[in-house]
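Structure file run-v9.txt; described as compact mmCIF, C-alpha atoms and all ligand atoms.
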```txt
# COMPACT_ATOMS: atom_id res chain seq x y z
CA MET A 163 0.45 -72.85 -40.67
CA LYS A 164 3.34 -72.34 -38.22
CA ILE A 165 5.56 -69.50 -39.39
CA ILE A 166 9.21 -69.94 -38.47
CA GLY A 167 12.40 -67.94 -38.86
CA SER A 168 12.94 -64.28 -38.06
CA ARG A 169 12.60 -63.11 -41.71
CA ALA A 170 9.24 -64.82 -42.22
CA LEU A 171 8.03 -63.57 -38.84
CA GLN A 172 9.16 -60.06 -39.74
CA GLU A 173 7.23 -60.15 -43.03
CA ARG A 174 4.07 -61.17 -41.20
CA ALA A 175 4.68 -58.55 -38.48
CA GLU A 176 5.04 -55.81 -41.09
CA ARG A 177 1.59 -56.65 -42.40
CA LEU A 178 0.09 -56.50 -38.92
CA PHE A 179 1.94 -53.83 -36.93
CA PRO A 180 3.12 -50.32 -37.92
CA GLY A 181 6.81 -50.82 -38.74
CA GLY A 182 6.41 -54.47 -37.82
CA VAL A 183 6.67 -53.75 -34.10
CA ASN A 184 4.76 -52.89 -30.97
CA SER A 185 7.40 -50.38 -29.81
CA PRO A 186 9.47 -48.38 -32.33
CA VAL A 187 13.11 -48.95 -31.27
CA ARG A 188 12.63 -52.72 -31.71
CA ALA A 189 12.31 -52.21 -35.46
CA PHE A 190 16.13 -51.83 -35.74
CA ARG A 191 15.63 -48.91 -38.17
CA ALA A 192 18.50 -46.99 -36.57
CA VAL A 193 20.98 -49.85 -37.02
CA GLY A 194 19.69 -51.55 -40.16
CA GLY A 195 18.95 -55.19 -40.83
CA ASP A 196 16.09 -57.30 -39.59
CA PRO A 197 15.47 -57.62 -35.87
CA PRO A 198 15.80 -61.20 -34.64
CA PHE A 199 12.55 -62.63 -33.26
CA VAL A 200 13.07 -63.93 -29.75
CA GLU A 201 11.94 -67.43 -28.96
CA ARG A 202 13.20 -67.76 -25.39
CA GLY A 203 15.60 -66.42 -22.82
CA ASP A 204 17.60 -68.07 -20.05
CA GLY A 205 20.00 -66.25 -17.74
CA ALA A 206 22.18 -63.93 -19.83
CA TYR A 207 21.08 -65.41 -23.16
CA LEU A 208 18.38 -65.02 -25.78
CA TRP A 209 17.63 -67.49 -28.59
CA ASP A 210 16.00 -66.35 -31.79
CA ALA A 211 13.56 -68.05 -34.12
CA ASP A 212 16.50 -69.28 -36.26
CA GLY A 213 18.10 -71.02 -33.28
CA ARG A 214 20.89 -68.46 -32.82
CA ARG A 215 22.05 -67.62 -29.30
CA TYR A 216 22.91 -64.08 -28.18
CA ILE A 217 24.44 -62.59 -25.04
CA ASP A 218 21.75 -60.12 -24.03
CA TYR A 219 22.84 -56.57 -23.17
CA PHE A 220 19.44 -54.89 -23.09
CA GLY A 221 17.68 -57.15 -20.57
CA SER A 222 14.16 -56.25 -21.73
CA TRP A 223 15.34 -52.62 -21.42
CA GLY A 224 16.18 -53.09 -17.75
CA PRO A 225 13.92 -55.49 -15.85
CA MET A 226 15.99 -58.68 -16.22
CA ILE A 227 18.57 -57.76 -13.60
CA LEU A 228 18.61 -61.37 -12.35
CA GLY A 229 18.66 -62.85 -15.84
CA HIS A 230 15.89 -64.33 -17.97
CA ALA A 231 13.59 -66.96 -16.49
CA PHE A 232 14.91 -66.36 -12.98
CA PRO A 233 13.64 -69.56 -11.30
CA ALA A 234 12.04 -67.93 -8.22
CA ALA A 235 10.14 -65.47 -10.45
CA VAL A 236 9.00 -68.22 -12.84
CA GLU A 237 7.69 -70.32 -9.93
CA ALA A 238 5.97 -67.35 -8.29
CA VAL A 239 4.21 -66.39 -11.53
CA GLN A 240 3.14 -70.00 -12.16
CA ARG A 241 1.71 -70.26 -8.64
CA ALA A 242 -0.12 -66.93 -9.01
CA ALA A 243 -1.48 -67.83 -12.46
CA ALA A 244 -2.96 -71.04 -11.07
CA ARG A 245 -5.03 -68.86 -8.72
CA SER A 246 -6.22 -66.60 -11.64
CA ALA A 247 -4.50 -63.99 -13.74
CA SER A 248 -6.54 -61.00 -12.64
CA PHE A 249 -9.19 -59.99 -10.14
CA GLY A 250 -9.60 -56.22 -10.40
CA ALA A 251 -9.80 -56.33 -6.61
CA SER A 252 -7.25 -55.92 -3.84
CA THR A 253 -4.83 -58.72 -2.91
CA ALA A 254 -2.29 -59.20 -0.13
CA ALA A 255 0.50 -59.36 -2.70
CA GLU A 256 0.10 -55.63 -3.50
CA GLY A 257 0.90 -54.77 0.11
CA ASP A 258 3.78 -57.27 0.17
CA LEU A 259 5.48 -55.65 -2.83
CA ALA A 260 4.65 -52.13 -1.59
CA GLU A 261 6.37 -52.88 1.74
CA LEU A 262 9.52 -53.96 -0.11
CA VAL A 263 9.39 -50.76 -2.20
CA VAL A 264 8.94 -48.31 0.68
CA LYS A 265 11.72 -50.00 2.63
CA ALA A 266 14.11 -49.63 -0.31
CA PHE A 267 12.94 -46.07 -1.10
CA PRO A 268 12.40 -44.19 2.19
CA SER A 269 11.22 -41.10 0.24
CA ILE A 270 8.12 -43.08 -0.79
CA GLU A 271 5.54 -42.94 1.98
CA LYS A 272 2.62 -44.01 -0.20
CA LEU A 273 2.46 -45.42 -3.71
CA ARG A 274 0.21 -46.73 -6.44
CA PHE A 275 0.99 -49.63 -8.74
CA VAL A 276 0.21 -49.15 -12.45
CA SER A 277 1.05 -51.18 -15.54
CA SER A 278 3.73 -49.14 -17.34
CA GLY A 279 6.30 -46.43 -16.81
CA THR A 280 4.24 -44.15 -19.05
CA GLU A 281 1.29 -44.42 -16.65
CA ALA A 282 3.56 -43.86 -13.65
CA THR A 283 5.13 -40.63 -14.93
CA MET A 284 1.87 -39.29 -16.38
CA SER A 285 0.11 -39.88 -13.05
CA ALA A 286 2.97 -38.42 -11.00
CA VAL A 287 2.82 -35.20 -13.03
CA ARG A 288 -0.96 -35.03 -12.59
CA VAL A 289 -0.70 -35.33 -8.81
CA ALA A 290 2.12 -32.78 -8.72
CA ARG A 291 -0.11 -30.34 -10.61
CA ALA A 292 -2.99 -31.06 -8.24
CA PHE A 293 -0.71 -30.50 -5.23
CA THR A 294 0.75 -27.21 -6.40
CA GLY A 295 -2.20 -25.85 -8.38
CA ARG A 296 0.32 -24.95 -11.12
CA LYS A 297 0.51 -26.08 -14.74
CA TYR A 298 4.08 -25.93 -16.12
CA VAL A 299 6.39 -28.95 -16.06
CA ILE A 300 10.17 -28.86 -16.41
CA LYS A 301 11.77 -31.84 -18.11
CA PHE A 302 15.19 -32.27 -19.69
CA GLU A 303 16.16 -32.72 -23.34
CA GLY A 304 16.87 -36.37 -24.10
CA CYS A 305 15.08 -37.66 -20.99
CA TYR A 306 12.24 -40.02 -21.83
CA HIS A 307 9.34 -40.37 -19.43
CA GLY A 308 7.01 -42.51 -21.52
CA HIS A 309 4.71 -41.40 -24.29
CA SER A 310 2.05 -39.25 -22.61
CA ASP A 311 1.41 -36.04 -24.58
CA GLY A 312 3.16 -33.51 -22.36
CA LEU A 313 6.26 -35.61 -21.69
CA LEU A 314 7.16 -36.33 -25.32
CA VAL A 315 8.61 -32.85 -25.81
CA LYS A 316 12.30 -33.15 -26.80
CA ALA A 317 12.27 -36.71 -25.53
CA GLY A 318 14.96 -39.36 -25.71
CA SER A 319 14.73 -43.07 -26.53
CA GLY A 320 12.89 -43.71 -29.83
CA VAL A 321 12.02 -40.02 -30.23
CA ALA A 322 15.74 -39.19 -30.29
CA THR A 323 16.62 -42.35 -32.22
CA PHE A 324 14.36 -41.40 -35.10
CA GLY A 325 15.01 -37.64 -34.80
CA ILE A 326 11.32 -36.84 -34.25
CA PRO A 327 11.25 -33.15 -33.27
CA GLY A 328 8.04 -33.47 -31.25
CA SER A 329 5.31 -36.01 -31.79
CA ALA A 330 2.51 -35.37 -34.27
CA GLY A 331 -0.80 -35.55 -32.47
CA VAL A 332 0.36 -33.54 -29.45
CA PRO A 333 -1.47 -30.19 -29.55
CA GLU A 334 0.78 -27.15 -29.25
CA GLU A 335 -1.29 -25.96 -26.28
CA ILE A 336 -0.21 -29.08 -24.37
CA ALA A 337 3.43 -29.13 -25.52
CA HIS A 338 3.67 -25.46 -24.52
CA LEU A 339 3.20 -26.39 -20.86
CA THR A 340 6.39 -28.48 -20.92
CA LEU A 341 9.63 -26.57 -20.53
CA ALA A 342 12.43 -28.75 -21.94
CA LEU A 343 15.83 -27.67 -20.64
CA PRO A 344 19.37 -28.97 -21.16
CA PHE A 345 20.41 -31.62 -18.60
CA ASN A 346 23.25 -30.75 -16.22
CA ASP A 347 22.61 -27.00 -16.60
CA VAL A 348 21.58 -25.43 -13.28
CA ALA A 349 21.40 -21.91 -14.74
CA ALA A 350 18.72 -23.02 -17.23
CA VAL A 351 16.57 -24.29 -14.35
CA GLU A 352 17.01 -21.05 -12.40
CA ALA A 353 16.08 -19.05 -15.49
CA ALA A 354 12.91 -21.09 -16.10
CA PHE A 355 11.77 -20.61 -12.51
CA ALA A 356 12.49 -16.87 -12.77
CA THR A 357 10.44 -16.60 -15.99
CA HIS A 358 7.56 -18.69 -14.67
CA LYS A 359 7.45 -17.57 -11.04
CA ASN A 360 4.87 -19.66 -9.09
CA GLU A 361 3.75 -21.42 -12.27
CA ILE A 362 5.97 -24.52 -12.30
CA ALA A 363 4.34 -27.59 -10.76
CA CYS A 364 7.24 -29.99 -10.97
CA VAL A 365 10.65 -30.90 -12.26
CA ILE A 366 10.81 -34.45 -13.61
CA VAL A 367 14.23 -35.93 -14.25
CA GLU A 368 15.96 -39.23 -14.89
CA PRO A 369 18.60 -38.75 -12.15
CA VAL A 370 20.99 -40.74 -14.32
CA VAL A 371 19.76 -40.35 -17.88
CA GLY A 372 19.30 -43.64 -19.69
CA ASN A 373 17.26 -42.57 -22.70
CA ALA A 374 19.78 -40.31 -24.43
CA GLY A 375 22.29 -43.03 -23.84
CA CYS A 376 23.69 -43.04 -20.30
CA ILE A 377 24.53 -39.64 -18.83
CA ALA A 378 25.39 -39.18 -15.16
CA PRO A 379 24.57 -35.99 -13.28
CA ALA A 380 27.46 -33.56 -12.83
CA ALA A 381 28.69 -33.11 -9.26
CA GLY A 382 26.12 -31.02 -7.37
CA TYR A 383 23.49 -31.04 -10.12
CA LEU A 384 20.87 -33.19 -8.37
CA GLU A 385 21.53 -31.27 -5.14
CA ALA A 386 20.83 -28.04 -7.03
CA LEU A 387 17.56 -29.43 -8.44
CA ARG A 388 16.55 -30.42 -4.91
CA ALA A 389 17.40 -27.00 -3.47
CA ILE A 390 15.71 -25.01 -6.24
CA THR A 391 12.48 -27.05 -6.21
CA ALA A 392 12.30 -26.83 -2.39
CA ARG A 393 12.80 -23.07 -2.50
CA GLU A 394 10.22 -22.63 -5.28
CA GLU A 395 7.74 -25.08 -3.69
CA ALA A 396 7.67 -27.22 -6.83
CA VAL A 397 7.57 -31.03 -6.71
CA LEU A 398 10.81 -32.84 -7.56
CA ILE A 399 10.05 -36.13 -9.36
CA PHE A 400 12.84 -38.66 -9.86
CA ASP A 401 11.96 -40.95 -12.75
CA GLU A 402 13.72 -44.10 -11.58
CA VAL A 403 12.01 -46.45 -14.03
CA MET A 404 15.49 -47.42 -15.29
CA THR A 405 17.67 -46.65 -12.28
CA GLY A 406 15.44 -47.94 -9.48
CA PHE A 407 16.78 -51.18 -7.94
CA ARG A 408 19.60 -51.04 -10.53
CA LEU A 409 22.13 -48.41 -9.46
CA ALA A 410 21.52 -49.44 -5.85
CA LEU A 411 18.62 -51.12 -4.10
CA GLY A 412 17.22 -47.64 -3.44
CA GLY A 413 18.11 -46.41 -6.92
CA ALA A 414 19.87 -43.17 -7.84
CA GLN A 415 18.35 -41.40 -4.83
CA GLU A 416 20.23 -43.79 -2.53
CA LEU A 417 23.41 -43.55 -4.58
CA TYR A 418 23.45 -39.74 -4.67
CA GLY A 419 21.80 -39.18 -1.27
CA ILE A 420 18.93 -37.00 -2.56
CA THR A 421 15.34 -37.19 -1.31
CA PRO A 422 12.86 -36.36 -4.09
CA ASP A 423 9.20 -35.57 -3.35
CA MET A 424 7.98 -38.21 -5.76
CA THR A 425 9.49 -41.23 -7.53
CA THR A 426 8.42 -43.30 -10.49
CA LEU A 427 9.47 -46.93 -10.80
CA GLY A 428 9.03 -49.56 -13.50
CA LYS A 429 10.89 -52.42 -15.12
CA ILE A 430 12.66 -54.23 -12.21
CA VAL A 431 9.78 -53.54 -9.79
CA GLY A 432 7.64 -55.95 -11.82
CA GLY A 433 10.36 -58.50 -12.51
CA GLY A 434 9.68 -58.28 -16.27
CA LEU A 435 5.89 -58.28 -16.08
CA PRO A 436 3.85 -55.17 -16.95
CA CYS A 437 4.14 -53.24 -13.70
CA ALA A 438 5.25 -49.80 -12.59
CA ALA A 439 4.64 -47.53 -9.63
CA PHE A 440 4.55 -43.91 -8.61
CA GLY A 441 4.75 -42.69 -5.06
CA GLY A 442 6.15 -40.15 -2.67
CA ARG A 443 5.19 -37.92 0.21
CA ALA A 444 1.86 -38.95 1.75
CA GLU A 445 0.47 -35.41 1.64
CA ILE A 446 0.90 -35.45 -2.16
CA MET A 447 -0.31 -39.00 -2.75
CA ASN A 448 -3.37 -38.46 -0.54
CA LEU A 449 -4.71 -36.15 -3.24
CA LEU A 450 -5.54 -39.23 -5.31
CA ALA A 451 -9.09 -40.52 -5.56
CA PRO A 452 -10.83 -41.81 -3.51
CA LEU A 453 -9.14 -39.65 -0.84
CA GLY A 454 -8.75 -36.58 -3.01
CA PRO A 455 -9.71 -34.92 -6.30
CA ALA A 456 -6.88 -36.19 -8.56
CA TYR A 457 -8.06 -39.17 -10.60
CA GLN A 458 -6.06 -42.21 -11.65
CA ALA A 459 -7.18 -45.84 -12.03
CA GLY A 460 -6.47 -49.14 -13.81
CA THR A 461 -8.07 -52.57 -14.08
CA LEU A 462 -4.67 -54.24 -14.28
CA SER A 463 -3.00 -52.05 -11.63
CA GLY A 464 -1.45 -54.31 -9.00
CA ASN A 465 -2.06 -57.34 -11.22
CA PRO A 466 -1.37 -60.54 -9.23
CA LEU A 467 1.07 -62.03 -11.77
CA ALA A 468 3.05 -58.79 -11.88
CA MET A 469 3.06 -58.58 -8.08
CA ALA A 470 4.33 -62.17 -7.84
CA ALA A 471 7.21 -61.53 -10.26
CA GLY A 472 8.01 -58.23 -8.53
CA ILE A 473 8.08 -59.78 -5.06
CA ALA A 474 10.35 -62.61 -6.24
CA THR A 475 12.73 -60.21 -8.00
CA VAL A 476 12.83 -57.33 -5.52
CA GLY A 477 12.77 -59.81 -2.62
CA HIS A 478 15.92 -61.44 -3.99
CA LEU A 479 17.62 -58.05 -4.42
CA VAL A 480 16.75 -57.08 -0.85
CA LYS A 481 18.02 -60.38 0.56
CA HIS A 482 21.23 -60.41 -1.47
CA ARG A 483 21.95 -56.69 -1.82
CA ASP A 484 25.41 -57.05 -0.27
CA THR A 485 26.53 -59.43 -2.99
CA VAL A 486 24.33 -58.43 -5.97
CA TYR A 487 25.40 -54.79 -6.30
CA PRO A 488 29.17 -55.34 -5.96
CA LEU A 489 28.90 -58.20 -8.48
CA LEU A 490 26.99 -55.98 -10.94
CA GLU A 491 29.60 -53.25 -10.52
CA ASN A 492 32.50 -55.65 -11.18
CA ILE A 493 31.11 -57.32 -14.27
CA SER A 494 29.80 -54.03 -15.68
CA ALA A 495 33.19 -52.36 -15.24
CA ALA A 496 34.92 -55.35 -16.82
CA VAL A 497 32.85 -55.33 -20.01
CA ALA A 498 32.37 -51.54 -20.35
CA ASP A 499 36.07 -50.83 -19.83
CA GLY A 500 37.17 -53.88 -21.81
CA VAL A 501 35.29 -52.80 -24.91
CA ALA A 502 36.44 -49.19 -24.44
CA ALA A 503 40.05 -50.43 -24.31
CA GLU A 504 39.59 -52.31 -27.60
CA ALA A 505 38.17 -49.13 -29.20
CA ALA A 506 41.17 -47.15 -27.96
CA LYS A 507 43.58 -49.82 -29.29
CA ALA A 508 41.90 -49.66 -32.69
CA GLY A 509 41.85 -45.85 -32.71
CA VAL A 510 38.05 -45.67 -32.76
CA PRO A 511 36.84 -42.50 -31.00
CA MET A 512 34.55 -43.51 -28.15
CA VAL A 513 33.29 -42.07 -24.88
CA THR A 514 32.10 -44.59 -22.29
CA ASN A 515 29.53 -43.25 -19.80
CA ARG A 516 28.75 -45.77 -17.09
CA ALA A 517 26.77 -45.71 -13.85
CA GLY A 518 26.87 -49.16 -12.24
CA ALA A 519 25.08 -51.74 -14.38
CA MET A 520 24.00 -49.32 -17.11
CA TRP A 521 26.18 -47.57 -19.64
CA THR A 522 26.58 -46.35 -23.22
CA TRP A 523 29.48 -46.50 -25.63
CA PHE A 524 29.09 -43.19 -27.50
CA PHE A 525 30.85 -43.03 -30.87
CA THR A 526 32.24 -39.55 -30.31
CA SER A 527 35.32 -37.95 -28.80
CA THR A 528 33.26 -35.18 -27.14
CA PRO A 529 32.52 -35.74 -23.43
CA VAL A 530 28.79 -36.49 -23.20
CA MET A 531 26.94 -34.55 -20.49
CA ASP A 532 23.63 -33.61 -22.13
CA PHE A 533 21.59 -34.37 -25.23
CA ALA A 534 23.49 -31.92 -27.45
CA THR A 535 26.79 -33.64 -26.71
CA ALA A 536 25.22 -37.12 -27.04
CA ALA A 537 24.07 -36.01 -30.48
CA THR A 538 27.69 -35.48 -31.58
CA SER A 539 27.88 -39.28 -31.82
CA ASP A 540 28.48 -40.88 -35.18
CA THR A 541 25.30 -42.96 -35.33
CA ALA A 542 26.38 -44.65 -38.57
CA SER A 543 29.46 -45.97 -36.76
CA PHE A 544 27.28 -47.13 -33.89
CA ALA A 545 25.04 -48.94 -36.38
CA ARG A 546 28.02 -50.78 -37.94
CA PHE A 547 29.29 -51.75 -34.50
CA HIS A 548 25.84 -52.97 -33.49
CA ARG A 549 25.48 -55.09 -36.62
CA SER A 550 28.90 -56.68 -36.22
CA MET A 551 28.27 -57.47 -32.56
CA LEU A 552 24.88 -58.99 -33.38
CA GLU A 553 26.45 -61.17 -36.08
CA GLN A 554 28.91 -62.37 -33.46
CA GLY A 555 26.14 -63.25 -31.00
CA VAL A 556 26.12 -60.11 -28.84
CA TRP A 557 22.80 -58.23 -28.76
CA LEU A 558 23.20 -54.56 -27.79
CA PRO A 559 20.32 -52.06 -27.62
CA PRO A 560 19.66 -51.06 -31.25
CA SER A 561 20.14 -47.31 -30.79
CA GLN A 562 22.97 -44.98 -29.78
CA TYR A 563 20.40 -43.23 -27.56
CA GLU A 564 19.70 -46.16 -25.23
CA ALA A 565 21.61 -47.64 -22.32
CA VAL A 566 23.21 -51.08 -22.15
CA PHE A 567 21.82 -53.16 -19.27
CA LEU A 568 23.47 -56.16 -17.72
CA GLY A 569 22.42 -58.59 -14.98
CA THR A 570 23.81 -61.00 -12.42
CA ALA A 571 23.58 -63.92 -14.86
CA HIS A 572 26.38 -62.54 -17.06
CA ALA A 573 29.50 -64.61 -16.41
CA MET A 574 33.15 -63.72 -17.04
CA ASP A 575 33.13 -65.98 -20.13
CA ASP A 576 30.33 -63.85 -21.59
CA ILE A 577 32.29 -60.71 -20.83
CA HIS A 578 35.44 -62.07 -22.53
CA GLN A 579 33.42 -63.17 -25.54
CA THR A 580 31.88 -59.68 -25.76
CA ILE A 581 35.26 -57.94 -25.60
CA ALA A 582 36.66 -60.28 -28.26
CA ALA A 583 33.65 -59.54 -30.49
CA ALA A 584 34.22 -55.82 -30.05
CA ALA A 585 37.87 -56.22 -31.10
CA VAL A 586 36.68 -57.89 -34.33
CA ALA A 587 34.07 -55.16 -34.88
CA PHE A 588 36.63 -52.38 -34.40
CA ALA A 589 39.23 -54.07 -36.61
CA SER A 590 37.13 -53.30 -39.68
CA HIS A 591 35.77 -50.01 -38.39
CA PRO A 592 36.00 -47.14 -40.91
CA SER A 593 37.06 -44.58 -38.28
CA ARG A 594 40.14 -46.67 -37.62
CA PRO A 595 43.31 -45.02 -38.95
CA ASN A 596 44.52 -46.53 -42.27
CA VAL A 597 41.23 -48.27 -42.92
CA SER A 598 39.19 -46.76 -45.75
N1 LIG B 601 11.52 -47.00 -25.01
C1 LIG B 601 12.09 -48.21 -24.52
C2 LIG B 601 13.51 -48.06 -24.13
N2 LIG B 601 13.87 -46.83 -23.58
C3 LIG B 601 11.94 -49.31 -25.52
C4 LIG B 601 10.91 -50.24 -25.10
C5 LIG B 601 10.71 -51.42 -26.07
O1 LIG B 601 10.86 -51.26 -27.26
O2 LIG B 601 10.35 -52.46 -25.58
```
This entry written out as structure tokens:
Amino acid sequence: MKIIGSRALQERAERLFPGGVNSPVRAFRAVGGDPPFVERGDGAYLWDADGRRYIDYFGSWGPMILGHAFPAAVEAVQRAAARSASFGASTAAEGDLAELVVKAFPSIEKLRFVSSGTEATMSAVRVARAFTGRKYVIKFEGCYHGHSDGLLVKAGSGVATFGIPGSAGVPEEIAHLTLALPFNDVAAVEAAFATHKNEIACVIVEPVVGNAGCIAPAAGYLEALRAITAREEAVLIFDEVMTGFRLALGGAQELYGITPDMTTLGKIVGGGLPCAAFGGRAEIMNLLAPLGPAYQAGTLSGNPLAMAAGIATVGHLVKHRDTVYPLLENISAAVADGVAAEAAKAGVPMVTNRAGAMWTWFFTSTPVMDFATAATSDTASFARFHRSMLEQGVWLPPSQYEAVFLGTAHAMDDIHQTIAAAAVAFASHPSRPNVS
């Protein structure tokens, strides 16, 4: 029997999947209501199983920078699928995508393709430990680097959304090797290196945080991380799973002019298919098997369908970088500032943190520069805003601790419709003066 309609699909999903989902934030628990079930996407829009259309502001959490069903990517995947979905053997396409990546990210001399951001960050940390012979890892509160044991400590994204203090199932002995420090606090990094002299293998950071909501680095912060890690001979890993190919073709490292030792990529690099990568200095990457003693592998790594979608997407960004990035900046500014202006008009306290085509509207009046300040947000207000926007056909990420993502398919009409929807949402907002 064909099951139709989001409610019916949700009931079936709840019988089959924990929380009804295959990834926690999708369950909408932080914003309430049932999540719509997506039937298809085209350009800036999603359609659900009840036939409703939404303007999409999460873009599969980042990959859909050229919009859904981008024709060149669809054709490339169809052509690749006709030649077989998987070989578990090397193909020319892996080198083709790798060449595009190293050209965009000059800090990457060698790389490996994997299937998810979690694999990329987990593997990068392993190689960094192999390279330095040290065991401690510095990460930052509210940054999310996938769900490997050691990187879940004080993580963002769903971990922050659901207020999980540290995941069950991660032994204390493993969590203890992760030093979670406040973002944008250079003194905390200096103190950790002083306490653990010659014991810290790497610093892993989202150079612009996307998983505690969007938080940009303070002036000089990334430069300080670079200088400290170089001095202490620790590996600096930029997790650019969200920011890579989004903030600029060469990601945050291009935008801020910093050269990390290693970089992790995901999302856009695979054009929406399961694909991610980690890479960096050749002397570090050459420690991987079969050249060296650090092990990492995957049957689906460099999968031909993912390579095809990645080449079509990244290839388009490379070819059109001079028009794509200014366009993304203009439409992102228009919608982020437009909604912020409506909040100000309605007297709703809101801080808008934006870096290019990713941003967060925080429901707080405290400037947000780390996880503690992000957590001053009124998440109940965010939930009401989210629900109202969804009812008006605008689908925002369903958590205060996620970033909004937009793509080149969003047109000015969509932006105006979004701003008008926000005005309606704020008109009945409880934080508005004189509204009880
Ligand atoms: N953790 C992802 C966003 N930061 C959510 C992935 C998903 O639910 O698909």
Checklist entry - Which value, in Å to one decimal, gives the distance between CA of Ala234 (chain A) and CA of Thr475 (chain A)? => result 7.8 Å
Which residues of chain A come within 7 Å of ligand LIG 601 (chain B), and what is each one's closest atom pair and distance in Å (one decimal), counting all atoms listed in the file, sorted by chain and residue number, as JSON lines?
```
{"residue": "A:Ser185", "atom": "CA", "partner": "B:LIG601", "partner_atom": "O1", "distance": 4.4}
{"residue": "A:Pro186", "atom": "CA", "partner": "B:LIG601", "partner_atom": "O1", "distance": 6.0}
{"residue": "A:Val187", "atom": "CA", "partner": "B:LIG601", "partner_atom": "O1", "distance": 5.1}
{"residue": "A:Arg188", "atom": "CA", "partner": "B:LIG601", "partner_atom": "O1", "distance": 5.0}
{"residue": "A:Ser222", "atom": "CA", "partner": "B:LIG601", "partner_atom": "O2", "distance": 6.6}
{"residue": "A:Trp223", "atom": "CA", "partner": "B:LIG601", "partner_atom": "C2", "distance": 5.6}
{"residue": "A:Ser319", "atom": "CA", "partner": "B:LIG601", "partner_atom": "N2", "distance": 4.9}
{"residue": "A:Gly320", "atom": "CA", "partner": "B:LIG601", "partner_atom": "N1", "distance": 6.0}
{"residue": "A:Asn373", "atom": "CA", "partner": "B:LIG601", "partner_atom": "N2", "distance": 5.5}
{"residue": "A:Glu564", "atom": "CA", "partner": "B:LIG601", "partner_atom": "N2", "distance": 6.1}
```
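Considering only C-alpha atoms, the residue among A:Glu445, A:Asp532, A:Glu394, A:Asp212 positioned nearest to Val370 (chain A) is A:Asp532.
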Item to check | Two-atom distance - CA of Leu314 (chain A), CA of Gly328 (chain A) (Å) | outcome: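 These two atoms are separated by 6.6 Å.
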Item to check | Using only C-alpha atoms: which of A:Val276, A:Val239, A:Val289, A:Cys305 has the shortest distance to Ala456 (chain A) | outcome: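 Checking each of A:Val276, A:Val239, A:Val289, A:Cys305 against Ala456 (chain A), counting only C-alpha atoms, the winner is A:Val289.
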Item to check | Residues near region 224-227 of chain A, cut-off 6 Å, only C-alpha atoms, skip fewer than 4 positions along chain, as a PyMOL selection string | outcome: chain A and resi 429-430+433-434+567+569
Item to check | For CA of Ala459 (chain A) and CA of Ser252 (chain A), the interatomic separation in Å (one decimal) | outcome: 13.0 Å
Item to check | Near-Pro198 (chain A) list (9 Å; all atoms listed in the file; drop same-chain fewer than 6 positions) as a PyMOL selection string | outcome: chain A and resi 167-169+172+209-212
Next on the checklist: Nearest residue to Glu281 (chain A) out of A:Ala439, A:Leu409, A:Ala517, A:Leu453, using all atoms listed in the file?
Outcome noted: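 Among the listed residues, A:Ala439 lies closest to Glu281 (chain A).
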Checklist outcome for this item: Counting only C-alpha atoms, closest pick from A:Tyr383, A:Phe324, A:Tyr216, A:Phe302 relative to Ala354 (chain A) is A:Phe302
Item to check | Nearest candidate to Ala260 (chain A) (options A:Ser527, A:Pro344, A:Ala438, A:Gln415; using only C-alpha atoms) | outcome: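 Closest to Ala260 (chain A), using only C-alpha atoms: A:Ala438.
Residue nearest Gly325 (chain A), chosen from A:Arg191, A:Arg408, A:His578, A:Arg215 and counting only C-alpha atoms: A:Arg191.
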Item to check | Cut-off 8 Å around (26.6, -63.5, -24.3) with all atoms listed in the file: residues as a PyMOL selection string | outcome: chain A and resi 206-207+215-219+555-557+572+576-577+579-580
Give me the residues of region 192-310 of chain A that have any atom at most 12 Å from an atom of region 463-466 of chain A; for each, the nearest atom pair and the distance in Å, rounded to one decimal. Use only C-alpha atoms, sort by chain and number, and format it as CSV.
```
residue,atom,partner,partner_atom,distance
A:Ala238,CA,A:Pro466,CA,10.1
A:Val239,CA,A:Pro466,CA,8.4
A:Gln240,CA,A:Pro466,CA,10.9
A:Arg241,CA,A:Pro466,CA,10.2
A:Ala242,CA,A:Pro466,CA,6.5
A:Ala243,CA,A:Pro466,CA,8.0
A:Ala244,CA,A:Pro466,CA,10.8
A:Arg245,CA,A:Pro466,CA,9.1
A:Ser246,CA,A:Pro466,CA,8.1
A:Ala247,CA,A:Pro466,CA,6.5
A:Ser248,CA,A:Asn465,CA,6.0
A:Phe249,CA,A:Asn465,CA,7.7
A:Gly250,CA,A:Asn465,CA,7.7
A:Ala251,CA,A:Gly464,CA,8.9
A:Ser252,CA,A:Gly464,CA,7.9
A:Thr253,CA,A:Pro466,CA,7.4
A:Ala254,CA,A:Pro466,CA,9.2
A:Ala255,CA,A:Pro466,CA,6.9
A:Glu256,CA,A:Gly464,CA,5.9
A:Gly257,CA,A:Gly464,CA,9.4
A:Asp258,CA,A:Gly464,CA,11.0
A:Leu259,CA,A:Gly464,CA,9.4
A:Ala260,CA,A:Gly464,CA,9.8
A:Leu273,CA,A:Gly464,CA,11.1
A:Arg274,CA,A:Ser463,CA,8.1
A:Phe275,CA,A:Gly464,CA,5.3
A:Val276,CA,A:Ser463,CA,4.4
A:Ser277,CA,A:Ser463,CA,5.7
A:Ser278,CA,A:Ser463,CA,9.3
A:Glu281,CA,A:Ser463,CA,10.1
A:Ala282,CA,A:Ser463,CA,10.7
```
Next on the checklist: Set the distance at 12 Å and use only C-alpha atoms: which residues neighbour Gly331 (chain A) once local chain neighbours fewer than 2 positions away are removed? I'd like the list as a list in words.
Outcome noted: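 Near Gly331 (chain A), the qualifying residues are His309, Ser310, Asp311, Gly312, Leu314, Val315, Gly328, Ser329, Pro333, Glu334, Glu335, Ile336 and Ala337 of chain A.
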